[in-house]
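Engineer: The file below is upload29.csv, CSV, N, CA, C and O atoms:
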```
chain,number,residue,atom,x,y,z
F,24,MET,N,134.8,148.5,98.7
F,24,MET,CA,134.9,149.3,97.6
F,24,MET,C,136.4,149.4,97.1
F,24,MET,O,137.3,149.4,97.8
F,25,SER,N,136.5,149.4,95.8
F,25,SER,CA,137.9,149.4,95.2
F,25,SER,C,138.5,150.8,95.3
F,25,SER,O,137.8,151.8,95.1
F,26,GLY,N,139.8,150.8,95.5
F,26,GLY,CA,140.6,152.0,95.5
F,26,GLY,C,141.1,152.2,94.1
F,26,GLY,O,141.1,151.3,93.3
F,27,HIS,N,141.7,153.4,93.9
F,27,HIS,CA,142.3,153.7,92.6
F,27,HIS,C,143.5,152.9,92.2
F,27,HIS,O,143.8,152.7,91.1
F,28,ASN,N,144.2,152.3,93.2
F,28,ASN,CA,145.4,151.5,93.0
F,28,ASN,C,145.1,150.1,92.7
F,28,ASN,O,146.0,149.3,92.4
F,29,ASP,N,143.8,149.7,92.9
F,29,ASP,CA,143.5,148.3,92.7
F,29,ASP,C,143.5,148.1,91.2
F,29,ASP,O,143.1,148.9,90.4
F,30,GLY,N,143.8,146.8,90.8
F,30,GLY,CA,143.8,146.5,89.4
F,30,GLY,C,142.4,146.3,88.8
F,30,GLY,O,141.5,146.2,89.6
F,31,PRO,N,142.3,146.2,87.5
F,31,PRO,CA,141.0,146.0,86.9
F,31,PRO,C,140.5,144.6,87.3
F,31,PRO,O,141.3,143.7,87.6
F,32,ARG,N,139.2,144.4,87.2
F,32,ARG,CA,138.6,143.1,87.5
F,32,ARG,C,139.0,142.1,86.5
F,32,ARG,O,139.0,142.3,85.3
F,33,ALA,N,139.4,140.9,87.0
F,33,ALA,CA,139.9,139.8,86.1
F,33,ALA,C,138.8,139.5,85.1
F,33,ALA,O,137.6,139.4,85.4
F,34,GLY,N,139.3,139.4,83.8
F,34,GLY,CA,138.4,139.1,82.7
F,34,GLY,C,137.8,140.3,82.0
F,34,GLY,O,137.2,140.2,81.0
F,35,SER,N,137.9,141.5,82.7
F,35,SER,CA,137.3,142.7,82.1
F,35,SER,C,138.2,143.1,80.9
F,35,SER,O,139.3,142.6,80.7
F,36,ARG,N,137.6,144.0,80.0
F,36,ARG,CA,138.4,144.4,78.8
F,36,ARG,C,139.7,145.2,79.3
F,36,ARG,O,140.7,145.0,78.6
F,37,ALA,N,139.6,145.9,80.3
F,37,ALA,CA,140.8,146.6,80.8
F,37,ALA,C,141.8,145.6,81.3
F,37,ALA,O,143.0,145.8,81.1
F,38,TYR,N,141.4,144.6,82.0
F,38,TYR,CA,142.3,143.6,82.5
F,38,TYR,C,143.0,142.9,81.3
F,38,TYR,O,144.2,142.7,81.3
F,39,VAL,N,142.2,142.5,80.3
F,39,VAL,CA,142.8,141.8,79.1
F,39,VAL,C,143.8,142.7,78.4
F,39,VAL,O,144.9,142.3,78.0
F,40,ALA,N,143.5,144.0,78.3
F,40,ALA,CA,144.3,145.0,77.7
F,40,ALA,C,145.6,145.1,78.4
F,40,ALA,O,146.7,145.2,77.9
F,41,LEU,N,145.6,145.1,79.8
F,41,LEU,CA,146.8,145.3,80.6
F,41,LEU,C,147.6,144.0,80.5
F,41,LEU,O,148.9,144.1,80.3
F,42,VAL,N,147.0,142.8,80.4
F,42,VAL,CA,147.8,141.6,80.2
F,42,VAL,C,148.5,141.6,78.9
F,42,VAL,O,149.6,141.2,78.7
F,43,LYS,N,147.7,142.0,77.8
F,43,LYS,CA,148.3,142.1,76.5
F,43,LYS,C,149.5,143.1,76.4
F,43,LYS,O,150.5,142.8,75.8
F,44,LEU,N,149.3,144.2,77.1
F,44,LEU,CA,150.4,145.2,77.1
F,44,LEU,C,151.6,144.6,77.7
F,44,LEU,O,152.8,144.8,77.2
F,45,HIS,N,151.5,143.9,78.8
F,45,HIS,CA,152.6,143.3,79.5
F,45,HIS,C,153.2,142.3,78.5
F,45,HIS,O,154.5,142.2,78.5
F,46,GLY,N,152.4,141.5,77.8
F,46,GLY,CA,152.9,140.5,76.9
F,46,GLY,C,153.7,141.0,75.7
F,46,GLY,O,154.5,140.3,75.2
F,47,ILE,N,153.5,142.3,75.4
F,47,ILE,CA,154.2,142.8,74.3
F,47,ILE,C,155.4,143.7,74.7
F,47,ILE,O,155.9,144.6,74.0
F,48,GLY,N,155.7,143.6,76.0
F,48,GLY,CA,156.9,144.2,76.5
F,48,GLY,C,156.6,145.4,77.5
F,48,GLY,O,157.6,146.1,77.9
F,49,GLY,N,155.4,145.7,77.7
F,49,GLY,CA,155.1,146.7,78.7
F,49,GLY,C,155.0,148.2,78.1
F,49,GLY,O,154.6,149.1,78.8
F,50,GLN,N,155.4,148.3,76.9
F,50,GLN,CA,155.3,149.6,76.2
F,50,GLN,C,154.9,149.4,74.8
F,50,GLN,O,155.3,148.4,74.1
F,51,ALA,N,154.0,150.3,74.3
F,51,ALA,CA,153.5,150.2,72.9
F,51,ALA,C,152.8,151.5,72.5
F,51,ALA,O,152.3,152.2,73.4
F,52,ASN,N,152.8,151.7,71.2
F,52,ASN,CA,152.0,152.9,70.8
F,52,ASN,C,150.5,152.4,70.8
F,52,ASN,O,150.3,151.2,70.9
F,53,ILE,N,149.6,153.3,70.7
F,53,ILE,CA,148.2,152.9,70.9
F,53,ILE,C,147.7,151.9,69.8
F,53,ILE,O,147.0,151.0,70.1
F,54,ASN,N,148.2,152.1,68.6
F,54,ASN,CA,147.8,151.2,67.5
F,54,ASN,C,148.3,149.7,67.8
F,54,ASN,O,147.6,148.8,67.6
F,55,ALA,N,149.6,149.6,68.2
F,55,ALA,CA,150.1,148.3,68.5
F,55,ALA,C,149.3,147.6,69.7
F,55,ALA,O,149.1,146.4,69.6
F,56,TRP,N,149.0,148.4,70.7
F,56,TRP,CA,148.3,147.9,71.8
F,56,TRP,C,146.9,147.5,71.4
F,56,TRP,O,146.4,146.4,71.8
F,57,MET,N,146.2,148.3,70.7
F,57,MET,CA,144.9,147.9,70.2
F,57,MET,C,144.9,146.6,69.4
F,57,MET,O,144.1,145.8,69.6
F,58,ASN,N,145.9,146.5,68.5
F,58,ASN,CA,146.0,145.3,67.7
F,58,ASN,C,146.3,144.1,68.5
F,58,ASN,O,145.7,143.0,68.3
F,59,ALA,N,147.1,144.2,69.5
F,59,ALA,CA,147.4,143.1,70.4
F,59,ALA,C,146.2,142.6,71.2
F,59,ALA,O,146.0,141.4,71.5
F,60,THR,N,145.2,143.5,71.5
F,60,THR,CA,144.0,143.2,72.2
F,60,THR,C,142.9,142.7,71.2
F,60,THR,O,141.9,142.1,71.7
F,61,GLY,N,143.1,142.9,70.0
F,61,GLY,CA,142.1,142.5,69.0
F,61,GLY,C,141.0,143.5,68.9
F,61,GLY,O,139.9,143.3,68.4
F,62,TRP,N,141.2,144.7,69.4
F,62,TRP,CA,140.2,145.8,69.4
F,62,TRP,C,139.9,146.2,68.0
F,62,TRP,O,140.7,146.4,67.2
F,63,SER,N,138.6,146.2,67.7
F,63,SER,CA,138.2,146.6,66.3
F,63,SER,C,137.5,147.9,66.2
F,63,SER,O,137.0,148.3,65.2
F,64,GLY,N,137.3,148.6,67.4
F,64,GLY,CA,136.7,149.9,67.4
F,64,GLY,C,137.7,151.0,67.1
F,64,GLY,O,138.8,150.8,66.6
F,65,GLU,N,137.2,152.2,67.4
F,65,GLU,CA,138.0,153.4,67.2
F,65,GLU,C,139.0,153.7,68.3
F,65,GLU,O,138.8,153.2,69.4
F,66,ILE,N,140.1,154.4,67.9
F,66,ILE,CA,141.1,154.7,68.9
F,66,ILE,C,140.6,155.5,70.0
F,66,ILE,O,140.9,155.2,71.2
F,67,LYS,N,139.7,156.5,69.7
F,67,LYS,CA,139.2,157.3,70.8
F,67,LYS,C,138.3,156.5,71.8
F,67,LYS,O,138.4,156.8,73.0
F,68,THR,N,137.7,155.5,71.3
F,68,THR,CA,136.9,154.6,72.2
F,68,THR,C,137.8,153.7,73.1
F,68,THR,O,137.6,153.6,74.3
F,69,PHE,N,138.9,153.2,72.5
F,69,PHE,CA,139.8,152.4,73.2
F,69,PHE,C,140.5,153.3,74.3
F,69,PHE,O,140.6,152.8,75.4
F,70,TYR,N,140.8,154.5,73.9
F,70,TYR,CA,141.5,155.4,74.9
F,70,TYR,C,140.5,155.7,76.0
F,70,TYR,O,140.9,155.6,77.2
F,71,ALA,N,139.3,156.0,75.7
F,71,ALA,CA,138.3,156.3,76.7
F,71,ALA,C,137.9,155.1,77.6
F,71,ALA,O,137.8,155.3,78.9
F,72,GLU,N,137.7,154.0,77.0
F,72,GLU,CA,137.2,152.8,77.8
F,72,GLU,C,138.3,152.0,78.4
F,72,GLU,O,138.1,151.3,79.4
F,73,ILE,N,139.5,152.1,77.9
F,73,ILE,CA,140.6,151.2,78.4
F,73,ILE,C,141.7,152.1,79.1
F,73,ILE,O,142.0,152.0,80.3
F,74,VAL,N,142.3,152.9,78.3
F,74,VAL,CA,143.5,153.7,78.7
F,74,VAL,C,143.2,154.6,79.9
F,74,VAL,O,143.9,154.6,80.9
F,75,THR,N,142.1,155.3,79.8
F,75,THR,CA,141.7,156.3,80.8
F,75,THR,C,141.5,155.5,82.1
F,75,THR,O,141.9,156.0,83.2
F,76,LYS,N,140.8,154.4,82.1
F,76,LYS,CA,140.5,153.7,83.3
F,76,LYS,C,141.8,153.1,83.9
F,76,LYS,O,141.9,153.2,85.1
F,77,LEU,N,142.7,152.7,83.1
F,77,LEU,CA,143.9,152.1,83.7
F,77,LEU,C,144.8,153.3,84.2
F,77,LEU,O,145.5,153.1,85.2
F,78,MET,N,144.7,154.4,83.6
F,78,MET,CA,145.5,155.6,84.1
F,78,MET,C,145.0,156.0,85.4
F,78,MET,O,145.7,156.4,86.3
F,79,LEU,N,143.7,156.1,85.6
F,79,LEU,CA,143.1,156.5,86.9
F,79,LEU,C,143.5,155.5,88.0
F,79,LEU,O,143.6,155.9,89.1
F,80,ARG,N,143.7,154.2,87.6
F,80,ARG,CA,144.1,153.2,88.6
F,80,ARG,C,145.6,153.2,88.8
F,80,ARG,O,146.1,152.4,89.5
F,81,LYS,N,146.3,154.1,88.0
F,81,LYS,CA,147.7,154.2,88.1
F,81,LYS,C,148.4,152.9,87.6
F,81,LYS,O,149.5,152.5,88.1
F,82,GLN,N,147.8,152.2,86.7
F,82,GLN,CA,148.3,150.9,86.1
F,82,GLN,C,149.1,151.2,84.8
F,82,GLN,O,150.0,150.4,84.5
F,83,VAL,N,148.8,152.3,84.1
F,83,VAL,CA,149.6,152.7,82.9
F,83,VAL,C,149.8,154.2,83.0
F,83,VAL,O,149.1,154.9,83.7
F,84,SER,N,150.7,154.6,82.2
F,84,SER,CA,150.9,156.1,81.9
F,84,SER,C,151.1,156.3,80.4
F,84,SER,O,151.5,155.3,79.7
F,85,THR,N,151.0,157.5,80.0
F,85,THR,CA,151.1,157.7,78.6
F,85,THR,C,152.3,158.7,78.4
F,85,THR,O,152.7,159.5,79.3
F,86,ARG,N,152.8,158.7,77.2
F,86,ARG,CA,153.8,159.7,76.8
F,86,ARG,C,153.3,160.4,75.5
F,86,ARG,O,152.5,159.8,74.7
F,87,ASP,N,153.9,161.5,75.2
F,87,ASP,CA,153.5,162.3,74.0
F,87,ASP,C,154.1,161.7,72.8
F,87,ASP,O,153.5,161.9,71.7
F,88,ASP,N,155.1,161.0,72.9
F,88,ASP,CA,155.8,160.4,71.7
F,88,ASP,C,155.2,159.1,71.4
F,88,ASP,O,155.5,158.3,70.7
```
Here is a file; write its structure as structure tokens.
Structural biologist:
Amino acid sequence: MSGHNDGPRAGSRAYVALVKLHGIGGQANINAWMNATGWSGEIKTFYAEIVTKLMLRKQVSTRDD
């Protein structure tokens, strides 16, 4: 069973998003990150399906700015 510190499964949308974030320097606002991944859905869906999962795994963190 995976622990919270394990990375996302290779090839998953969360994995691809993490790779793209790394590729654009490791920091980005949500719109830039979504654009880098080619995400065409809503911000709230990206946040729920990608960002939240990566935060739970302690792979990313967010800032208010």
Engineer: Could you pull out the alpha helix (DSSP H) residues of chain F, going by DSSP on the backbone, and write them as a list in words?
Structural biologist: Arg36, Ala37, Tyr38, Val39, Ala40, Leu41, Val42, Lys43, Leu44, His45, Gly46, Ile53, Asn54, Ala55, Trp56, Met57, Asn58, Ala59, Thr60, Ile66, Lys67, Thr68, Phe69, Thr75, Lys76, Leu77, Met78 and Leu79 of chain F
Engineer: Separation of atom CA of F:Asp87 and atom CA of F:Ile53, in Å?
Structural biologist: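 Distance between the two atoms: 11.2 Å.
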Engineer: What is the atom N of F:Gly30 to atom O of F:Gly64 distance in Å?
Structural biologist: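 Rounded to one decimal, the two atoms are 25.0 Å apart.
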Engineer: What is the distance, in Å and to one decimal place, between atom CA of F:Asp29 and atom CA of F:Asn54?
Structural biologist: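 Atom CA of F:Asn54 lies at a distance of 25.7 Å from atom CA of F:Asp29.
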Engineer: Which of these, F:Ala33, F:Leu41, F:Met78, F:Ala71, has the shortest distance to F:Trp56 once you count only C-alpha atoms?
Structural biologist: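 Of all the options, F:Leu41 lies closest to F:Trp56.
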Engineer: Contacts of F:Lys43 at 7 Å or less, counting all atoms listed in the file, minus same-chain residues fewer than 4 places along, as a VMD selection string?
Structural biologist: chain F and resid 37 to 39 47 to 49 56 59 to 60
Engineer: Please determine, counting only C-alpha atoms, which residue among F:Ser63, F:Ser35, F:Gln50, F:Asn58 has the shortest atom-to-atom distance to F:Lys76.
Structural biologist: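 Closest residue, counting only C-alpha atoms: F:Ser35.
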